[in-house]
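Heads up, my_file24.cif below (mmCIF, C-alpha atoms):
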```
data_entry
#
loop_
_atom_site.label_atom_id
_atom_site.label_comp_id
_atom_site.auth_asym_id
_atom_site.auth_seq_id
_atom_site.Cartn_x
_atom_site.Cartn_y
_atom_site.Cartn_z
CA MET O 657 31.46 0.71 -6.82
CA THR O 658 28.79 3.41 -6.52
CA HIS O 659 28.19 5.92 -9.31
CA PRO O 660 28.85 9.47 -8.08
CA THR O 661 26.13 11.13 -10.19
CA HIS O 662 23.38 9.01 -8.65
CA PRO O 663 22.30 9.06 -4.99
CA THR O 664 22.82 5.94 -2.94
CA LEU O 665 19.55 4.54 -1.63
CA ALA O 666 19.03 1.97 1.10
CA PHE O 667 15.85 -0.09 1.33
CA ILE O 668 14.96 -1.61 4.66
CA GLY O 669 12.81 -4.54 3.52
CA GLY O 670 12.81 -6.06 0.05
CA GLY O 671 9.16 -7.03 -0.45
CA ASN O 672 6.66 -6.14 -3.17
CA MET O 673 6.63 -2.37 -2.81
CA ALA O 674 10.41 -2.15 -2.50
CA THR O 675 10.73 -4.38 -5.56
CA ALA O 676 8.37 -2.16 -7.56
CA ILE O 677 10.44 0.92 -6.73
CA LEU O 678 13.76 -0.86 -7.32
CA GLY O 679 12.62 -2.10 -10.71
CA GLY O 680 11.62 1.40 -11.76
CA LEU O 681 14.90 2.89 -10.57
CA ILE O 682 16.93 0.31 -12.49
CA ARG O 683 14.85 0.88 -15.65
CA SER O 684 15.40 4.63 -15.35
CA GLY O 685 19.17 4.22 -15.17
CA THR O 686 20.10 4.01 -11.50
CA PRO O 687 23.10 1.65 -11.16
CA GLY O 688 22.49 -1.42 -9.01
CA ALA O 689 25.62 -0.58 -7.03
CA ASN O 690 23.87 2.54 -5.73
CA LEU O 691 21.02 0.50 -4.30
CA ILE O 692 21.32 -1.34 -0.98
CA VAL O 693 18.61 -3.68 0.30
CA LEU O 694 18.53 -4.98 3.85
CA ASP O 695 16.38 -8.09 4.15
CA PRO O 696 16.86 -11.06 6.50
CA ASN O 697 15.46 -13.53 3.96
CA ALA O 698 18.30 -15.17 2.03
CA GLU O 699 16.11 -16.21 -0.91
CA GLN O 700 14.78 -12.67 -1.27
CA ARG O 701 18.29 -11.22 -1.19
CA ALA O 702 19.45 -13.67 -3.85
CA ARG O 703 16.49 -12.81 -6.08
CA LEU O 704 17.09 -9.06 -5.78
CA GLU O 705 20.80 -9.48 -6.52
CA ARG O 706 19.98 -11.61 -9.56
CA ASP O 707 17.17 -9.46 -10.94
CA PHE O 708 18.53 -5.98 -10.25
CA GLY O 709 22.22 -6.29 -9.45
CA VAL O 710 21.74 -4.48 -6.13
CA ARG O 711 23.83 -4.87 -3.02
CA THR O 712 22.15 -6.68 -0.16
CA LEU O 713 22.60 -6.99 3.58
CA ALA O 714 21.32 -9.63 5.96
CA ALA O 715 21.64 -7.25 8.92
CA ALA O 716 22.36 -3.58 9.54
CA ASP O 717 25.98 -2.48 9.35
CA ALA O 718 28.07 0.57 8.41
CA THR O 719 27.21 0.08 4.73
CA LEU O 720 23.94 1.88 5.48
CA ALA O 721 25.90 5.05 6.28
CA GLU O 722 26.53 5.41 2.54
CA ALA O 723 22.82 6.06 1.90
CA ASP O 724 21.63 9.53 0.96
CA ALA O 725 18.07 8.29 1.46
CA VAL O 726 16.52 5.35 3.28
CA VAL O 727 13.26 3.74 2.15
CA TRP O 728 11.37 1.98 4.94
CA ALA O 729 9.43 -0.93 3.45
CA VAL O 730 8.97 -3.34 6.37
CA LYS O 731 5.70 -4.38 7.96
CA PRO O 732 4.51 -1.65 10.35
CA GLN O 733 4.58 -3.96 13.36
CA SER O 734 8.23 -4.76 12.59
CA PHE O 735 9.40 -1.16 12.24
CA LYS O 736 10.78 -0.49 15.72
CA ASP O 737 12.72 -3.76 15.81
CA ALA O 738 14.06 -3.09 12.31
CA ALA O 739 14.97 0.53 13.06
CA ALA O 740 16.96 -0.05 16.24
CA PRO O 741 20.05 -1.64 14.60
CA CYS O 742 19.88 0.77 11.64
CA ALA O 743 19.69 3.99 13.66
CA PRO O 744 23.45 4.37 14.33
CA PHE O 745 24.09 4.56 10.57
CA VAL O 746 21.15 6.50 9.06
CA GLY O 747 20.76 9.66 11.14
CA GLY O 748 22.05 11.88 8.33
CA ALA O 749 19.80 10.48 5.62
CA LEU O 750 16.46 11.49 4.14
CA HIS O 751 13.83 8.92 5.11
CA LEU O 752 10.88 7.78 2.99
CA SER O 753 8.31 5.48 4.55
CA VAL O 754 6.00 3.28 2.46
CA MET O 755 4.63 1.70 5.65
CA ALA O 756 1.00 2.11 6.66
CA GLY O 757 0.23 3.56 10.07
CA ILE O 758 3.70 4.59 11.27
CA ARG O 759 3.63 8.34 11.88
CA SER O 760 6.53 10.61 11.05
CA ASP O 761 7.20 11.46 14.71
CA THR O 762 7.82 7.77 15.39
CA ILE O 763 10.13 7.47 12.37
CA ALA O 764 12.07 10.59 13.33
CA GLN O 765 12.55 9.38 16.90
CA ALA O 766 13.60 5.89 15.80
CA THR O 767 16.08 7.01 13.14
CA GLY O 768 17.50 10.24 14.56
CA SER O 769 16.56 12.16 11.41
CA ASP O 770 13.84 14.80 11.18
CA ARG O 771 13.93 14.64 7.37
CA VAL O 772 11.04 12.23 6.96
CA VAL O 773 8.51 11.79 4.15
CA ARG O 774 5.55 9.49 4.74
CA SER O 775 3.82 7.91 1.81
CA MET O 776 0.68 5.89 1.23
CA PRO O 777 1.01 3.96 -2.04
CA ASN O 778 -1.43 1.42 -3.41
CA THR O 779 -1.00 -1.94 -5.09
CA PRO O 780 -1.29 -0.77 -8.74
CA ALA O 781 2.15 0.75 -8.08
CA LEU O 782 3.42 -2.77 -8.79
CA ILE O 783 2.55 -2.24 -12.48
CA GLY O 784 3.39 1.47 -12.61
CA GLN O 785 -0.27 2.54 -12.36
CA GLY O 786 -0.43 3.51 -8.71
CA ILE O 787 -1.21 6.71 -6.86
CA THR O 788 0.77 7.66 -3.75
CA GLY O 789 -0.17 10.20 -1.10
CA LEU O 790 2.82 12.02 0.40
CA TYR O 791 3.44 14.12 3.51
CA ALA O 792 6.77 15.81 4.29
CA ARG O 793 7.91 17.06 7.67
CA PRO O 794 9.04 20.73 7.71
CA ALA O 795 12.73 19.73 7.73
CA VAL O 796 12.39 18.21 4.24
CA SER O 797 13.62 20.63 1.56
CA ALA O 798 12.01 21.34 -1.81
CA SER O 799 14.85 19.51 -3.55
CA GLU O 800 14.31 16.49 -1.31
CA ARG O 801 10.60 16.52 -2.15
CA ALA O 802 11.62 16.44 -5.81
CA GLN O 803 13.98 13.55 -5.06
CA VAL O 804 11.11 11.59 -3.51
CA GLU O 805 8.89 12.30 -6.50
CA ALA O 806 11.60 11.05 -8.85
CA LEU O 807 12.10 7.94 -6.74
CA LEU O 808 8.37 7.12 -6.86
CA ALA O 809 7.77 8.19 -10.47
CA PRO O 810 8.04 4.63 -11.86
CA THR O 811 5.16 3.52 -9.60
CA GLY O 812 2.62 6.08 -10.90
CA ASP O 813 1.31 9.47 -9.79
CA VAL O 814 1.79 11.29 -6.47
CA VAL O 815 -0.36 13.70 -4.44
CA TRP O 816 1.09 15.81 -1.62
CA VAL O 817 -0.95 16.64 1.49
CA GLU O 818 -0.03 19.43 3.87
CA ARG O 819 -1.34 17.76 7.05
CA GLU O 820 -0.12 14.35 8.13
CA VAL O 821 -3.59 13.46 9.42
CA ASP O 822 -4.82 13.65 5.81
CA LEU O 823 -2.84 10.50 5.02
CA ASP O 824 -5.55 8.61 6.94
CA ALA O 825 -8.06 9.82 4.34
CA VAL O 826 -5.66 8.91 1.52
CA THR O 827 -5.35 5.45 3.06
CA ALA O 828 -9.13 5.06 3.10
CA LEU O 829 -9.62 6.38 -0.42
CA SER O 830 -6.74 5.15 -2.58
CA GLY O 831 -4.66 2.94 -0.28
CA SER O 832 -7.58 0.59 0.33
CA GLY O 833 -9.31 1.67 -2.88
CA PRO O 834 -8.17 -1.15 -5.18
CA ALA O 835 -10.00 -3.59 -2.89
CA TYR O 836 -13.23 -1.63 -3.44
CA VAL O 837 -12.78 -1.87 -7.21
CA PHE O 838 -12.09 -5.60 -7.02
CA TYR O 839 -15.18 -5.96 -4.82
CA PHE O 840 -17.39 -4.34 -7.46
CA ILE O 841 -15.77 -6.41 -10.22
CA GLU O 842 -16.54 -9.55 -8.21
CA ALA O 843 -20.17 -8.45 -7.95
CA MET O 844 -20.41 -7.74 -11.68
CA VAL O 845 -18.97 -11.16 -12.52
CA ALA O 846 -21.43 -12.84 -10.13
CA ALA O 847 -24.29 -10.92 -11.73
CA ALA O 848 -23.08 -11.91 -15.19
CA GLU O 849 -23.30 -15.59 -14.25
CA ARG O 850 -26.80 -15.16 -12.81
CA MET O 851 -27.82 -13.55 -16.12
CA GLY O 852 -26.52 -16.50 -18.13
CA LEU O 853 -23.04 -15.38 -19.17
CA THR O 854 -19.88 -17.26 -18.29
CA ALA O 855 -17.58 -16.05 -15.53
CA GLU O 856 -14.89 -15.32 -18.13
CA GLN O 857 -17.29 -13.25 -20.22
CA GLY O 858 -18.39 -11.38 -17.11
CA LYS O 859 -14.79 -10.68 -16.11
CA GLN O 860 -13.89 -9.44 -19.59
CA LEU O 861 -16.90 -7.13 -19.72
CA ALA O 862 -16.41 -5.83 -16.16
CA LEU O 863 -12.68 -5.14 -16.55
CA ALA O 864 -13.16 -3.36 -19.87
CA THR O 865 -16.01 -1.31 -18.41
CA PHE O 866 -14.01 -0.18 -15.37
CA GLY O 867 -10.93 0.55 -17.44
CA GLY O 868 -12.80 2.45 -20.14
CA ALA O 869 -14.99 4.44 -17.74
CA THR O 870 -11.96 5.43 -15.65
CA GLU O 871 -10.04 6.60 -18.70
CA LEU O 872 -13.08 8.54 -19.98
CA ALA O 873 -13.40 10.28 -16.61
CA ARG O 874 -9.67 11.03 -16.63
CA ARG O 875 -9.80 12.66 -20.05
CA SER O 876 -13.08 14.51 -19.59
CA ASP O 877 -13.51 17.97 -18.09
CA ASP O 878 -16.99 16.95 -16.90
CA THR O 879 -17.69 15.81 -13.35
CA PRO O 880 -18.39 12.15 -12.64
CA ALA O 881 -21.99 13.13 -11.89
CA THR O 882 -22.37 14.68 -15.35
CA LEU O 883 -20.83 11.64 -17.01
CA ARG O 884 -23.21 9.40 -15.05
CA GLU O 885 -26.23 11.47 -16.07
CA ARG O 886 -25.28 11.17 -19.74
CA VAL O 887 -25.52 7.40 -19.50
CA THR O 888 -28.82 7.51 -17.63
CA SER O 889 -32.11 7.94 -19.50
CA LYS O 890 -35.18 8.10 -17.29
CA GLY O 891 -37.04 4.82 -17.53
CA GLY O 892 -34.09 3.07 -19.18
CA THR O 893 -31.87 0.20 -18.09
CA THR O 894 -29.24 2.33 -16.36
CA TYR O 895 -31.98 4.24 -14.54
CA ALA O 896 -33.40 0.94 -13.30
CA ALA O 897 -29.99 -0.10 -11.99
CA LEU O 898 -29.15 3.21 -10.32
CA THR O 899 -32.53 3.64 -8.64
CA THR O 900 -32.09 0.15 -7.20
CA LEU O 901 -28.66 1.12 -5.85
CA GLN O 902 -30.12 4.28 -4.36
CA ALA O 903 -32.98 2.35 -2.75
CA GLN O 904 -30.43 -0.02 -1.21
CA GLY O 905 -28.42 2.91 0.19
CA VAL O 906 -25.27 1.83 -1.65
CA GLN O 907 -23.73 5.31 -1.88
CA ASP O 908 -24.25 6.00 1.82
CA SER O 909 -22.85 2.57 2.69
CA PHE O 910 -19.84 3.13 0.48
CA ILE O 911 -19.09 6.48 2.11
CA ALA O 912 -19.54 4.92 5.56
CA ALA O 913 -17.10 2.17 4.59
CA MET O 914 -14.39 4.66 3.66
CA LEU O 915 -14.97 6.64 6.86
CA ALA O 916 -14.50 3.37 8.76
CA ALA O 917 -11.23 2.78 6.91
CA GLN O 918 -10.08 6.30 7.79
CA ALA O 919 -10.91 5.74 11.46
CA ARG O 920 -9.02 2.44 11.44
CA ALA O 921 -5.99 4.11 9.86
CA ARG O 922 -6.03 6.64 12.70
CA GLU O 923 -6.28 3.83 15.28
CA LEU O 924 -3.32 2.01 13.72
CA GLY O 925 -1.27 5.20 13.89
CA ASP O 926 -2.07 5.46 17.59
CA GLU O 927 -1.19 1.80 18.12
CA PHE O 928 2.14 1.82 16.26
CA GLY O 929 3.15 5.15 17.74
CA ARG O 930 3.30 3.78 21.28
#
```
Mind converting the file's structure to structure tokens?
Amino acid sequence: MTHPTHPTLAFIGGGNMATAILGGLIRSGTPGANLIVLDPNAEQRARLERDFGVRTLAAADATLAEADAVVWAVKPQSFKDAAAPCAPFVGGALHLSVMAGIRSDTIAQATGSDRVVRSMPNTPALIGQGITGLYARPAVSASERAQVEALLAPTGDVVWVEREVDLDAVTALSGSGPAYVFYFIEAMVAAAERMGLTAEQGKQLALATFGGATELARRSDDTPATLRERVTSKGGTTYAALTTLQAQGVQDSFIAAMLAAQARARELGDEFGR
């Protein structure tokens, strides 16, 4: 039986991102009975029922009409097929998409609801340390924006953008961003081994350096450039490293890489919107 003081939420797809949000909702006091997960995979449904006490569906039915909000967490290429059987039951709901590339026009047309919020989370959301970019269509009220923020709060921070096109930049910066960090950590570990340290020592040093530097930047009122300059003495070791990076054009290449990611996000939106 649902709890009347909590909204009823339906998740279409029960994968990693849905699980991260579900776990946070349960920890913050949402009753499992108020959470519905539609997923065709029997093992996944059994796991979600066991871990969170949620209700599950193998296929769309009138149960979805109970939902005040629907969270779309399927693969982008599966969205239209997943939406078609759900549409008769979810036209009155608020819709939150955690799918990459599917634009809000497409979601509105497929669901019959103009109350759509698109989001671009990233993988640290799985441990509550993520950052999610959000865009709301004009039909979404201020209270519904607040509802979305509360729903995503267990996954980390949120940033609203006023133009939907800006989600392509969010995708390039923070959506794909963890991969860039892992890429640099890989390089630091490889360098550590070439300098005579073990891979485990290199990993420990690299992870602590990234974590500490990020937290220092978070707490400081100074710009990243100022913080960098404070570590860099002309003629010193850091100076030698940074001038090598500059000579190799690393900053320009890094910016070009993110612009390529933004362009690809735009292309995917065009592709999935057809």
What's the 12 Å shell around Arg774 in chain O, counting all atoms listed in the file, without same-chain residues fewer than 2 positions away, as a VMD selection string? chain O and resid 726 to 729 750 to 764 770 to 772 776 to 777 788 to 793 796 801 804 814 to 824 826 to 827
Can you tell me, as JSON, the centre and edge lengths (Å, one decimal) of the axis-aligned box enclosing all of range 702-717 of chain O's listed atoms after padding each side by 3 Å?
```
{"center_x": 21.2, "center_y": -8.1, "center_z": -0.7, "size_x": 15.5, "size_y": 17.2, "size_z": 26.5}
```
Can you work out the spacing between CA of Ala715 in chain O and CA of Ala795 in chain O in Å, to one decimal? 28.4 Å
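Here the PyMOL selection byres ((chain O and resi 680) around 12) catches exactly these residues: Met673, Ala674, Thr675, Ala676, Ile677, Leu678, Gly679, Leu681, Ile682, Arg683, Ser684, Gly685, Thr686, Pro687, Gly688, Phe708, Ala781, Leu782, Ile783, Gly784, Gln785, Ala806, Leu807, Leu808, Ala809, Pro810, Thr811 and Gly812 of chain O.
Between CA of Leu924 in chain O and CA of Pro732 in chain O lies a distance of 9.3 Å.
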Kindly resolve the PyMOL selection byres ((chain O and resi 709) around 10) on the present coordinates and return the residues as an MDAnalysis selection string. chainID O and resid 682 687:692 702:708 710:712
At a cut-off of 10 Å, using all atoms listed in the file, what residues contact range 832-844 of chain O? Leave out same-chain residues fewer than 2 positions from it and give the result as a CSV table (one decimal) with C-alpha atoms, in the frame of the given file.
```
chain,number,residue,atom,x,y,z
O,776,MET,CA,0.7,5.9,1.2
O,777,PRO,CA,1.0,4.0,-2.0
O,778,ASN,CA,-1.4,1.4,-3.4
O,779,THR,CA,-1.0,-1.9,-5.1
O,780,PRO,CA,-1.3,-0.8,-8.7
O,786,GLY,CA,-0.4,3.5,-8.7
O,826,VAL,CA,-5.7,8.9,1.5
O,827,THR,CA,-5.4,5.4,3.1
O,828,ALA,CA,-9.1,5.1,3.1
O,829,LEU,CA,-9.6,6.4,-0.4
O,830,SER,CA,-6.7,5.2,-2.6
O,846,ALA,CA,-21.4,-12.8,-10.1
O,847,ALA,CA,-24.3,-10.9,-11.7
O,848,ALA,CA,-23.1,-11.9,-15.2
O,849,GLU,CA,-23.3,-15.6,-14.2
O,850,ARG,CA,-26.8,-15.2,-12.8
O,855,ALA,CA,-17.6,-16.0,-15.5
O,858,GLY,CA,-18.4,-11.4,-17.1
O,859,LYS,CA,-14.8,-10.7,-16.1
O,861,LEU,CA,-16.9,-7.1,-19.7
O,862,ALA,CA,-16.4,-5.8,-16.2
O,863,LEU,CA,-12.7,-5.1,-16.6
O,865,THR,CA,-16.0,-1.3,-18.4
O,866,PHE,CA,-14.0,-0.2,-15.4
O,910,PHE,CA,-19.8,3.1,0.5
O,913,ALA,CA,-17.1,2.2,4.6
O,914,MET,CA,-14.4,4.7,3.7
O,917,ALA,CA,-11.2,2.8,6.9
O,918,GLN,CA,-10.1,6.3,7.8
```
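Of the residues listed (O:Lys731, O:Gly747, O:Asp908, O:Ala723), O:Lys731 shows the shortest atom-to-atom separation from Asn672 in chain O; distances use all atoms listed in the file.
Across O:Ala825, O:Val746, O:Ile787, O:Ala897, the tightest approach to Ala916 in chain O is made by O:Ala825 when counting all atoms listed in the file.
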Go through O:Ala725, O:Glu805, O:Gly748, O:Glu800 one by one, measure the shortest atom-to-atom distance of each to Ser775 in chain O using only C-alpha atoms, and give the residue with the smallest value. O:Glu805
From the set O:Ser876, O:Ser769, O:Gln803, O:Gln907, which residue has the shortest atom-to-atom contact distance to Pro663 in chain O, counting only C-alpha atoms? O:Gln803
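Proximity to Gln765 in chain O was assessed for O:Pro794, O:Phe735, O:Ser909, O:Ala873 counting all atoms listed in the file; the smallest distance is recorded for O:Phe735.
With CA of Ala739 in chain O on one side and CA of Arg701 in chain O on the other, the separation reads 18.8 Å.
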Test item: the PyMOL selection byres ((chain O and resi 745) around 10) resolved as a PDB file with C-alpha atoms, keeping the file's coordinate frame:
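Result went into part_33.pdb, see below:
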```pdb
ATOM      1  CA  ALA O 716      22.360  -3.580   9.540  1.00  0.00           C
ATOM      2  CA  ASP O 717      25.980  -2.480   9.350  1.00  0.00           C
ATOM      3  CA  ALA O 718      28.070   0.570   8.410  1.00  0.00           C
ATOM      4  CA  THR O 719      27.210   0.080   4.730  1.00  0.00           C
ATOM      5  CA  LEU O 720      23.940   1.880   5.480  1.00  0.00           C
ATOM      6  CA  ALA O 721      25.900   5.050   6.280  1.00  0.00           C
ATOM      7  CA  GLU O 722      26.530   5.410   2.540  1.00  0.00           C
ATOM      8  CA  ALA O 723      22.820   6.060   1.900  1.00  0.00           C
ATOM      9  CA  PRO O 741      20.050  -1.640  14.600  1.00  0.00           C
ATOM     10  CA  CYS O 742      19.880   0.770  11.640  1.00  0.00           C
ATOM     11  CA  ALA O 743      19.690   3.990  13.660  1.00  0.00           C
ATOM     12  CA  PRO O 744      23.450   4.370  14.330  1.00  0.00           C
ATOM     13  CA  VAL O 746      21.150   6.500   9.060  1.00  0.00           C
ATOM     14  CA  GLY O 747      20.760   9.660  11.140  1.00  0.00           C
ATOM     15  CA  GLY O 748      22.050  11.880   8.330  1.00  0.00           C
ATOM     16  CA  ALA O 749      19.800  10.480   5.620  1.00  0.00           C
ATOM     17  CA  THR O 767      16.080   7.010  13.140  1.00  0.00           C
ATOM     18  CA  GLY O 768      17.500  10.240  14.560  1.00  0.00           C
TER      19      GLY O 768
END
```
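Closest approach to Thr664 in chain O from the set O:Gly905, O:Asp724, O:Ala714, O:Arg886 is made by O:Asp724, with distances taken over all atoms listed in the file.
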